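Just work_37.cif here, mmCIF, C-alpha atoms:
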data_start
loop_
_atom_site.label_atom_id
_atom_site.label_comp_id
_atom_site.auth_asym_id
_atom_site.auth_seq_id
_atom_site.Cartn_x
_atom_site.Cartn_y
_atom_site.Cartn_z
CA MET C 4 65.75 182.51 58.63
CA ARG C 5 66.19 180.97 55.18
CA VAL C 6 69.50 179.05 55.04
CA LEU C 7 71.49 177.53 52.18
CA VAL C 8 74.17 174.92 52.88
CA VAL C 9 76.72 174.41 50.09
CA GLY C 10 78.14 170.92 49.53
CA SER C 11 77.16 167.29 49.14
CA GLY C 12 79.18 165.29 51.67
CA GLY C 13 78.73 163.78 55.10
CA ARG C 14 79.86 167.05 56.67
CA GLU C 15 77.07 168.93 54.90
CA HIS C 16 74.53 166.28 55.90
CA ALA C 17 75.57 166.67 59.54
CA LEU C 18 75.28 170.46 59.27
CA CYS C 19 71.83 170.22 57.68
CA TRP C 20 70.76 167.69 60.32
CA ALA C 21 71.78 170.11 63.09
CA LEU C 22 70.36 173.23 61.42
CA ALA C 23 67.02 171.53 60.75
CA ALA C 24 66.45 171.36 64.52
CA SER C 25 66.75 175.13 64.99
CA PRO C 26 63.54 176.99 65.90
CA LEU C 27 64.98 179.99 64.06
CA LEU C 28 64.92 178.15 60.74
CA ASP C 29 62.22 179.03 58.20
CA ALA C 30 63.55 177.11 55.21
CA LEU C 31 66.63 174.97 54.52
CA PHE C 32 68.23 174.37 51.13
CA CYS C 33 71.35 172.45 50.13
CA ALA C 34 73.30 172.72 46.88
CA PRO C 35 73.74 170.16 45.49
CA GLY C 36 73.03 167.86 48.47
CA ASN C 37 72.60 164.08 48.39
CA ALA C 38 69.99 161.42 49.08
CA GLY C 39 70.33 161.70 52.85
CA ILE C 40 70.34 165.49 52.93
CA ALA C 41 67.07 165.46 50.97
CA GLU C 42 65.35 164.23 54.14
CA GLN C 43 66.18 167.50 55.93
CA ALA C 44 66.59 170.10 53.18
CA ALA C 45 65.38 170.97 49.71
CA CYS C 46 68.25 169.91 47.43
CA VAL C 47 69.11 172.26 44.58
CA GLY C 48 70.92 171.14 41.45
CA ILE C 49 73.74 173.68 41.63
CA ALA C 50 77.33 172.49 41.95
CA ALA C 51 79.33 173.64 44.97
CA ASP C 52 81.87 175.34 42.68
CA ASP C 53 79.27 177.20 40.59
CA ILE C 54 79.77 180.55 42.28
CA PRO C 55 77.55 182.63 39.94
CA GLY C 56 74.79 180.02 40.18
CA LEU C 57 74.93 179.90 43.98
CA VAL C 58 74.89 183.69 44.30
CA ALA C 59 71.94 183.96 41.91
CA PHE C 60 69.99 181.30 43.83
CA ALA C 61 70.71 182.93 47.20
CA ARG C 62 69.54 186.29 45.85
CA ALA C 63 66.40 184.87 44.22
CA GLU C 64 65.40 182.82 47.29
CA ARG C 65 66.11 185.62 49.78
CA ILE C 66 68.61 183.48 51.66
CA GLY C 67 69.56 184.97 55.02
CA LEU C 68 72.66 182.82 55.60
CA VAL C 69 74.83 180.69 53.33
CA VAL C 70 76.90 178.01 55.11
CA VAL C 71 79.80 176.89 52.92
CA GLY C 72 80.87 173.32 53.63
CA PRO C 73 83.82 172.35 51.38
CA GLU C 74 87.15 174.10 51.04
CA GLY C 75 87.17 174.48 47.24
CA PRO C 76 84.46 177.17 47.01
CA LEU C 77 86.00 179.02 49.96
CA VAL C 78 89.42 179.19 48.34
CA ALA C 79 87.76 180.17 45.04
CA GLY C 80 86.03 183.18 46.65
CA LEU C 81 82.39 182.16 47.15
CA VAL C 82 82.12 184.12 50.39
CA ASP C 83 83.55 187.22 48.69
CA ALA C 84 80.96 186.95 45.91
CA LEU C 85 78.09 186.52 48.38
CA GLN C 86 79.21 189.42 50.54
CA ALA C 87 79.45 191.64 47.47
CA GLU C 88 75.70 191.00 47.02
CA GLY C 89 74.96 191.75 50.68
CA ILE C 90 74.33 188.08 51.53
CA LYS C 91 75.57 186.83 54.89
CA ALA C 92 77.93 183.86 54.54
CA PHE C 93 79.60 181.57 57.08
CA GLY C 94 83.18 180.94 56.02
CA PRO C 95 86.39 182.85 55.28
CA THR C 96 87.09 185.09 52.33
CA ALA C 97 89.48 183.82 49.67
CA ALA C 98 92.33 185.77 51.25
CA ALA C 99 91.72 184.19 54.66
CA ALA C 100 91.08 180.74 53.15
CA ARG C 101 94.74 180.66 52.08
CA LEU C 102 95.31 179.08 55.51
CA GLU C 103 94.10 175.89 53.84
CA GLY C 104 94.61 176.76 50.20
CA SER C 105 98.37 177.12 50.60
CA LYS C 106 100.33 175.08 53.13
CA GLY C 107 103.32 177.30 52.46
CA PHE C 108 101.29 180.41 53.37
CA THR C 109 100.37 178.82 56.69
CA LYS C 110 103.93 177.72 57.46
CA ASP C 111 105.24 181.22 56.75
CA LEU C 112 102.53 182.76 58.96
CA ALA C 113 103.40 180.34 61.77
CA ALA C 114 107.08 181.24 61.46
CA ARG C 115 106.34 184.97 61.65
CA ALA C 116 103.92 184.62 64.59
CA GLY C 117 106.05 182.23 66.62
CA ILE C 118 103.50 179.42 66.36
CA PRO C 119 105.10 176.03 67.10
CA THR C 120 105.31 173.86 63.98
CA ALA C 121 107.76 171.58 62.19
CA ALA C 122 110.90 172.91 60.49
CA TYR C 123 110.23 173.23 56.75
CA GLY C 124 111.25 174.44 53.32
CA ARG C 125 109.22 175.58 50.29
CA PHE C 126 110.06 174.46 46.77
CA ALA C 127 108.89 174.76 43.18
CA ASP C 128 112.04 173.19 41.72
CA ALA C 129 112.57 169.43 41.92
CA ALA C 130 116.36 169.61 42.15
CA ALA C 131 116.24 172.05 45.07
CA ALA C 132 113.62 169.91 46.81
CA ARG C 133 115.73 166.76 46.41
CA ALA C 134 118.77 168.61 47.73
CA TYR C 135 116.80 169.61 50.85
CA VAL C 136 115.78 165.99 51.39
CA ALA C 137 119.37 164.82 50.92
CA ALA C 138 120.55 167.34 53.52
CA HIS C 139 117.90 166.44 56.11
CA GLY C 140 117.42 162.72 55.49
CA ALA C 141 114.38 160.57 56.12
CA PRO C 142 111.79 160.11 57.45
CA ILE C 143 110.49 163.39 56.06
CA VAL C 144 107.12 164.79 54.95
CA VAL C 145 106.39 165.96 51.40
CA LYS C 146 103.21 168.02 50.92
CA ALA C 147 101.57 169.49 47.85
CA ASP C 148 101.08 173.17 48.61
CA GLY C 149 97.50 173.43 47.39
CA LEU C 150 94.21 171.57 47.77
CA ALA C 151 94.58 167.87 47.01
CA ALA C 152 91.47 166.37 48.68
CA GLY C 153 93.48 165.10 51.65
CA LYS C 154 95.72 162.99 49.41
CA GLY C 155 98.67 165.34 48.81
CA VAL C 156 100.78 164.35 51.83
CA THR C 157 103.50 161.69 51.79
CA VAL C 158 105.27 160.67 54.98
CA ALA C 159 108.38 159.28 53.30
CA ALA C 160 110.28 156.59 55.20
CA THR C 161 113.26 156.80 52.84
CA VAL C 162 115.00 159.42 50.73
CA ALA C 163 114.01 157.49 47.62
CA GLU C 164 110.34 157.59 48.64
CA ALA C 165 110.59 161.34 49.29
CA ASN C 166 112.18 161.93 45.89
CA ALA C 167 109.44 159.90 44.21
CA ALA C 168 106.81 162.03 45.98
CA ILE C 169 108.58 165.21 44.84
CA ASP C 170 108.70 164.04 41.23
CA ALA C 171 105.06 162.92 41.27
CA ALA C 172 103.75 166.19 42.71
CA LEU C 173 105.85 168.53 40.58
CA GLY C 174 105.19 166.24 37.63
CA GLY C 175 101.48 166.96 37.74
CA ARG C 176 99.91 164.24 39.89
CA PHE C 177 97.89 166.84 41.84
CA GLY C 178 97.57 169.38 39.05
CA ALA C 179 98.04 173.00 40.09
CA ALA C 180 97.90 171.98 43.76
CA GLY C 181 101.31 170.30 43.38
CA ALA C 182 103.03 173.08 41.46
CA SER C 183 104.92 173.89 44.65
CA LEU C 184 105.77 171.86 47.74
CA VAL C 185 106.30 172.11 51.46
CA ILE C 186 108.85 169.67 52.82
CA GLU C 187 109.00 169.41 56.58
CA ALA C 188 110.36 167.40 59.49
CA VAL C 189 108.38 164.50 60.91
CA LEU C 190 106.90 165.28 64.31
CA ALA C 191 106.51 162.58 66.95
CA GLY C 192 103.48 162.24 69.18
CA GLU C 193 99.70 161.82 68.99
CA GLU C 194 97.67 163.53 66.28
CA ALA C 195 94.55 165.44 67.25
CA SER C 196 92.02 167.75 65.64
CA PHE C 197 91.09 171.07 67.25
CA PHE C 198 88.19 173.23 66.14
CA ALA C 199 87.29 176.83 66.95
CA LEU C 200 84.71 179.27 65.66
CA VAL C 201 86.43 182.56 64.78
CA ASP C 202 84.68 185.90 64.19
CA GLY C 203 87.70 187.86 62.97
CA ARG C 204 88.87 188.85 66.46
CA HIS C 205 87.70 186.22 68.92
CA ALA C 206 87.86 182.42 68.93
CA LEU C 207 85.47 180.00 70.63
CA PRO C 208 86.77 176.43 70.96
CA LEU C 209 84.47 173.54 70.14
CA ALA C 210 84.47 170.01 71.52
CA THR C 211 87.50 167.94 70.57
CA ALA C 212 87.59 165.17 67.99
CA GLN C 213 90.04 162.78 66.35
CA ASP C 214 89.87 161.28 62.87
CA HIS C 215 91.52 158.30 61.16
CA LYS C 216 93.18 159.24 57.87
CA ARG C 217 94.60 155.94 56.64
CA ALA C 218 92.44 153.64 54.53
CA CYS C 219 93.12 150.39 56.40
CA ASP C 220 93.16 149.02 59.95
CA GLY C 221 96.18 149.77 62.06
CA ASP C 222 96.72 153.11 60.29
CA GLN C 223 97.97 151.31 57.19
CA GLY C 224 97.33 152.10 53.55
CA ALA C 225 96.93 155.35 51.67
CA ASN C 226 95.88 158.67 53.14
CA THR C 227 92.18 159.42 52.65
CA GLY C 228 89.76 162.21 53.42
CA GLY C 229 88.99 160.35 56.66
CA MET C 230 87.72 156.85 57.48
CA GLY C 231 86.18 157.55 60.87
CA ALA C 232 86.27 159.80 63.91
CA TYR C 233 85.37 160.04 67.57
CA SER C 234 84.68 162.82 70.07
CA PRO C 235 85.93 163.78 72.58
CA ALA C 236 89.63 163.13 71.96
CA PRO C 237 91.16 161.91 75.25
CA SER C 238 94.58 163.29 74.29
CA VAL C 239 93.27 166.89 74.30
CA THR C 240 92.84 167.60 78.01
CA PRO C 241 91.44 170.94 79.22
CA ALA C 242 94.98 172.06 80.07
CA LEU C 243 96.21 171.11 76.62
CA ALA C 244 93.26 172.86 74.98
CA GLY C 245 94.29 176.02 76.83
CA GLN C 246 97.81 175.69 75.40
CA VAL C 247 96.43 175.24 71.89
CA MET C 248 94.34 178.38 72.22
CA ASP C 249 97.20 180.43 73.69
CA ARG C 250 100.03 179.23 71.44
CA ILE C 251 98.32 178.40 68.14
CA ILE C 252 94.73 179.57 67.60
CA GLU C 253 94.80 183.05 69.10
CA PRO C 254 98.18 184.01 67.54
CA THR C 255 96.80 182.91 64.17
CA VAL C 256 93.64 184.98 64.59
CA ALA C 257 95.73 188.01 65.58
CA ALA C 258 98.17 187.57 62.71
CA MET C 259 95.40 187.29 60.13
CA ALA C 260 93.66 190.40 61.50
CA ALA C 261 96.94 192.35 61.54
CA ALA C 262 97.53 191.42 57.89
CA GLY C 263 94.17 192.92 56.91
CA THR C 264 92.64 189.51 56.13
CA PRO C 265 90.64 188.70 59.27
CA PHE C 266 89.48 185.10 59.50
CA LYS C 267 85.80 184.31 60.00
CA GLY C 268 84.41 180.79 60.06
CA ILE C 269 85.64 177.52 61.47
CA LEU C 270 89.36 177.12 62.04
CA TYR C 271 90.38 173.46 62.12
CA ALA C 272 93.90 172.83 63.36
CA GLY C 273 95.59 169.52 62.74
CA LEU C 274 97.93 169.07 65.70
CA MET C 275 100.74 166.84 66.84
CA ILE C 276 100.82 166.44 70.62
CA GLY C 277 104.39 165.69 71.64
CA ALA C 278 106.52 165.78 74.77
CA ASP C 279 107.06 169.53 74.38
CA GLY C 280 103.39 170.38 73.84
CA PRO C 281 101.15 170.88 70.81
CA LYS C 282 102.51 171.81 67.39
CA LEU C 283 100.59 172.83 64.29
CA LEU C 284 100.64 170.38 61.38
CA GLU C 285 98.28 172.33 59.11
CA TYR C 286 95.03 174.29 59.02
CA ASN C 287 91.72 173.61 57.37
CA VAL C 288 89.21 176.42 57.05
CA ARG C 289 85.98 174.38 57.28
CA PHE C 290 84.45 171.70 59.45
CA GLY C 291 86.27 168.40 59.22
CA ASP C 292 84.73 165.42 57.51
CA PRO C 293 84.10 163.03 59.31
CA GLU C 294 84.75 165.08 62.48
CA CYS C 295 81.62 167.16 61.86
CA GLN C 296 79.61 163.94 61.99
CA VAL C 297 80.65 163.37 65.63
CA LEU C 298 80.56 167.02 66.73
CA MET C 299 77.01 167.80 65.62
CA PRO C 300 75.35 164.94 67.60
CA ARG C 301 77.19 166.15 70.73
CA LEU C 302 76.18 169.80 70.30
CA MET C 303 73.43 170.66 72.79
CA SER C 304 73.19 174.33 71.74
CA ASP C 305 71.39 175.58 68.64
CA LEU C 306 73.93 175.66 65.79
CA LEU C 307 72.29 178.46 63.81
CA PRO C 308 72.82 181.30 66.36
CA ALA C 309 76.46 180.22 66.71
CA LEU C 310 77.03 180.55 62.96
CA ILE C 311 75.29 183.93 62.91
CA ALA C 312 77.36 185.19 65.86
CA THR C 313 80.51 184.13 64.01
CA CYS C 314 79.50 186.12 60.93
CA ASP C 315 78.50 189.15 63.02
CA GLY C 316 81.64 189.31 65.18
CA GLU C 317 79.75 188.50 68.39
CA LEU C 318 81.58 185.42 69.72
CA LYS C 319 83.12 187.27 72.66
CA ARG C 320 79.76 187.05 74.47
CA PHE C 321 78.78 183.64 73.13
CA SER C 322 79.05 180.13 74.59
CA LEU C 323 78.14 176.60 73.58
CA ARG C 324 76.90 173.60 75.55
CA TRP C 325 77.79 170.00 74.73
CA TYR C 326 76.38 166.61 75.68
CA ASP C 327 78.73 164.48 77.77
CA ASP C 328 78.03 161.32 75.77
CA PRO C 329 80.83 160.47 73.32
CA ALA C 330 80.18 159.96 69.61
CA LEU C 331 81.91 157.71 67.10
CA CYS C 332 81.61 157.63 63.31
CA VAL C 333 82.59 154.77 60.98
CA VAL C 334 82.93 155.76 57.33
CA MET C 335 81.78 153.23 54.75
CA ALA C 336 83.57 153.75 51.43
CA ALA C 337 83.36 152.21 47.98
CA ARG C 338 85.83 149.38 47.42
CA GLY C 339 89.02 150.73 45.85
CA TYR C 340 88.83 154.13 47.57
CA PRO C 341 90.94 156.33 47.75
CA ASP C 342 92.11 155.12 44.34
CA ALA C 343 89.82 154.05 41.49
CA TYR C 344 86.45 152.88 42.78
CA GLN C 345 83.19 151.74 41.23
CA LYS C 346 80.05 153.85 41.29
CA GLY C 347 76.47 152.71 41.00
CA SER C 348 76.28 149.82 43.48
CA GLU C 349 73.08 149.53 45.52
CA ILE C 350 72.97 150.00 49.30
CA ARG C 351 70.29 148.19 51.31
CA GLY C 352 69.40 147.75 54.95
CA LEU C 353 69.36 151.32 56.27
CA ALA C 354 65.73 151.00 57.31
CA ALA C 355 66.72 148.30 59.81
CA LEU C 356 68.93 150.67 61.79
CA GLY C 357 66.05 152.39 63.57
CA GLY C 358 66.11 149.75 66.26
CA ILE C 359 69.67 150.60 67.34
CA PRO C 360 69.62 153.46 69.87
CA GLY C 361 71.75 156.53 69.30
CA VAL C 362 72.59 155.77 65.64
CA THR C 363 72.43 158.32 62.83
CA VAL C 364 73.66 157.65 59.29
CA PHE C 365 75.07 160.68 57.49
CA HIS C 366 75.17 160.36 53.72
CA ALA C 367 78.03 161.50 51.51
CA GLY C 368 78.19 159.94 48.03
CA THR C 369 74.60 158.75 47.60
CA ALA C 370 71.71 159.28 45.20
CA ARG C 371 68.24 157.85 44.66
CA GLU C 372 67.25 155.90 41.56
CA GLY C 373 63.57 155.35 42.20
CA GLU C 374 63.41 153.39 45.43
CA ARG C 375 67.06 152.28 45.20
CA LEU C 376 69.85 153.99 47.17
CA ILE C 377 72.97 154.15 44.98
CA ALA C 378 76.61 154.81 45.87
CA THR C 379 77.98 157.69 43.79
CA GLY C 380 81.24 158.59 45.53
CA GLY C 381 84.32 157.32 47.33
CA ARG C 382 83.25 157.94 50.91
CA VAL C 383 79.57 157.08 50.95
CA LEU C 384 78.11 156.76 54.47
CA GLY C 385 79.10 157.96 57.94
CA VAL C 386 77.55 155.58 60.48
CA THR C 387 77.53 157.57 63.72
CA ALA C 388 76.54 156.49 67.22
CA THR C 389 76.36 158.20 70.60
CA ALA C 390 76.32 156.42 73.96
CA PRO C 391 77.27 157.00 77.61
CA THR C 392 80.76 155.60 76.91
CA LEU C 393 83.01 155.54 73.85
CA ALA C 394 83.15 151.73 74.03
CA GLU C 395 79.38 151.51 73.84
CA ALA C 396 79.21 154.08 71.03
CA ARG C 397 81.71 151.96 69.11
CA LEU C 398 79.66 148.81 69.62
CA ARG C 399 76.51 150.56 68.42
CA ALA C 400 78.21 151.99 65.33
CA TYR C 401 79.65 148.65 64.24
CA ARG C 402 76.38 146.89 64.98
CA ALA C 403 74.75 149.34 62.58
CA VAL C 404 77.50 148.83 59.99
CA ASP C 405 76.91 145.09 60.11
CA CYS C 406 73.20 145.63 59.36
CA ILE C 407 73.95 147.50 56.12
CA ASP C 408 73.83 145.31 53.02
CA TRP C 409 76.40 146.80 50.66
CA PRO C 410 78.84 144.31 49.08
CA GLY C 411 80.44 147.17 47.15
CA GLY C 412 81.59 148.93 50.33
CA PHE C 413 84.19 148.55 53.05
CA CYS C 414 85.19 150.18 56.32
CA ARG C 415 87.92 150.12 58.93
CA ARG C 416 87.13 147.91 61.90
CA ASP C 417 89.35 149.72 64.42
CA ILE C 418 87.85 153.23 64.68
CA GLY C 419 88.31 154.46 68.26
CA ALA C 420 90.48 151.51 69.31
CA ARG C 421 93.46 153.70 70.13
CA ALA C 422 91.39 155.95 72.39
CA LEU C 423 89.95 152.94 74.21
CA ALA C 424 93.45 151.48 74.66
#

This structure in structure tokens:
Amino acid sequence: MRVLVVGSGGREHALCWALAASPLLDALFCAPGNAGIAEQAACVGIAADDIPGLVAFARAERIGLVVVGPEGPLVAGLVDALQAEGIKAFGPTAAAARLEGSKGFTKDLAARAGIPTAAYGRFADAAAARAYVAAHGAPIVVKADGLAAGKGVTVAATVAEANAAIDAALGGRFGAAGASLVIEAVLAGEEASFFALVDGRHALPLATAQDHKRACDGDQGANTGGMGAYSPAPSVTPALAGQVMDRIIEPTVAAMAAAGTPFKGILYAGLMIGADGPKLLEYNVRFGDPECQVLMPRLMSDLLPALIATCDGELKRFSLRWYDDPALCVVMAARGYPDAYQKGSEIRGLAALGGIPGVTVFHAGTAREGERLIATGGRVLGVTATAPTLAEARLRAYRAVDCIDWPGGFCRRDIGARALA
């Protein structure tokens, strides 16, 4: 099969890395890709949001499956456009992608379906939003309704901080994504990520993972797209996973099908695990980044048939096998991220990592300038290690990080520490 992966991040590198091992693969392309992806796939200079360009390329190259990595093209209707041309695509339609594209849509669906989640309100008017905050007090969570690259959430410790977040979002900080807000109660407990393949009717849970959103050690600093991850997540026991499927995932799949917008693709639930069980924080409609970078090295089964079965509605008779060894990923980002950061600094030392067992480096914001590897984005590398124990995987990952010569980058030094504690 000829496969096209859409995207240019660490998630897409991990997907290409896994797909390249499939005996069913005839050719692998990635649009637009990055310097690391180029080692597994033919990179094509088409932007991930260029829907006409991607459809034309898939048609011209006789692509049998398009795997859409980032959320933006999904919300914009890339899968719809591909399907209209008879091209198989892994990912939800635009109507189903509203589960990520609109936090308010998801909260309303959860309320209708009886899915446990935080109490909330929806607002497009600043005065009404401030009145809601005044009535409920702080701490409280203010979220931009639309896609804000993981940066549209403020956990406000005070009413003043909440009001500032309201004014910033409705004042244009996140563009159209902040034109309306969801304001919700703070949930107590342990956060976890839960992933399931969904074929429109059936859901197949994947291995568990946990990411680290804050920029700095000790979960301090600004929210980011993710500074590291590990798998499995000790907090998600088999019994808890069963509760998540029964109370959250399967009711969502049923509600979307009943509404005439069946969901196909990967459903990624952000959860809060509290004393009264799991509650839904929000949904993403694509593989997590950097969670994908720890799931793919643990996947024993061939990824390609799983994606095809998802597209074809055949998950009911499908299963996946996973390696027992844990995986841990440390994200190296450009200094200044998630705010203003410098591009163009050189990264050296990756060739020295071959001597560290179980280490794979997934590229995100990288490019080649001749023989030089250049940082071109905020999150740049995902240094991932597997080992018989999480502690050993962590040691291997940080050993690899310390071998990389990149003065323009930084990372958290406490990825996985909470799980080990």

Selection near Arg289 of chain C, 12 Å with only C-alpha atoms, sequence-local residues under 4 positions removed, as a ChimeraX atom specification: /C:9-10,14-15,18,70-78,93-96,99-104,197-201,266-272,293-295

Could you tell me which residues the PyMOL selection byres ((chain C and resi 352) around 9) grabs in this file, written as a PDB file with C-alpha atoms, in the frame of the given file?
ATOM      1  CA  ILE C 350      72.970 150.000  49.300  1.00  0.00           C
ATOM      2  CA  ARG C 351      70.290 148.190  51.310  1.00  0.00           C
ATOM      3  CA  LEU C 353      69.360 151.320  56.270  1.00  0.00           C
ATOM      4  CA  ALA C 354      65.730 151.000  57.310  1.00  0.00           C
ATOM      5  CA  ALA C 355      66.720 148.300  59.810  1.00  0.00           C
ATOM      6  CA  LEU C 356      68.930 150.670  61.790  1.00  0.00           C
ATOM      7  CA  CYS C 406      73.200 145.630  59.360  1.00  0.00           C
ATOM      8  CA  ILE C 407      73.950 147.500  56.120  1.00  0.00           C
ATOM      9  CA  ASP C 408      73.830 145.310  53.020  1.00  0.00           C
ATOM     10  CA  TRP C 409      76.400 146.800  50.660  1.00  0.00           C
TER      11      TRP C 409
END

Pick from C:Ala160, C:Leu284, C:Met4, C:Ala168, whichever lies nearest to Ala129 of chain C using only C-alpha atoms: C:Ala168

Taking into account all atoms listed in the file, which residue in the set C:His366, C:Arg416, C:Arg65, C:Arg399 is nearest to Asp222 of chain C? C:Arg416

Draw an axis-aligned box over all listed atoms of segment 381-400 of chain C, pad each side with 6 Å, and write its centre and edge lengths in Å, one decimal, as JSON.
{"center_x": 80.3, "center_y": 153.5, "center_z": 62.5, "size_x": 20.0, "size_y": 21.4, "size_z": 42.3}

Within 9 Å of (79.2, 149.9, 65.2) (file coordinates; all atoms listed in the file), which protein or nucleic acid residues are there? I'd like them as number ranges by chain. C: 331-333, 362, 386-388, 395-405, 416

I'd like the neighbourhood of Trp325 of chain C as a PyMOL selection string, where a residue qualifies if any of its atoms comes within 9 Å (using all atoms listed in the file), though same-chain residues fewer than 4 positions away should be ignored. chain C and resi 209-210+298+301-304

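For the point (104.4, 169.4, 51.8), the residues with at least one atom inside 7 Å, counting all atoms listed in the file, are Val144, Val145, Lys146, Ala147, Asp148, Val156, Leu184, Val185, Ile186 and Glu187 of chain C.
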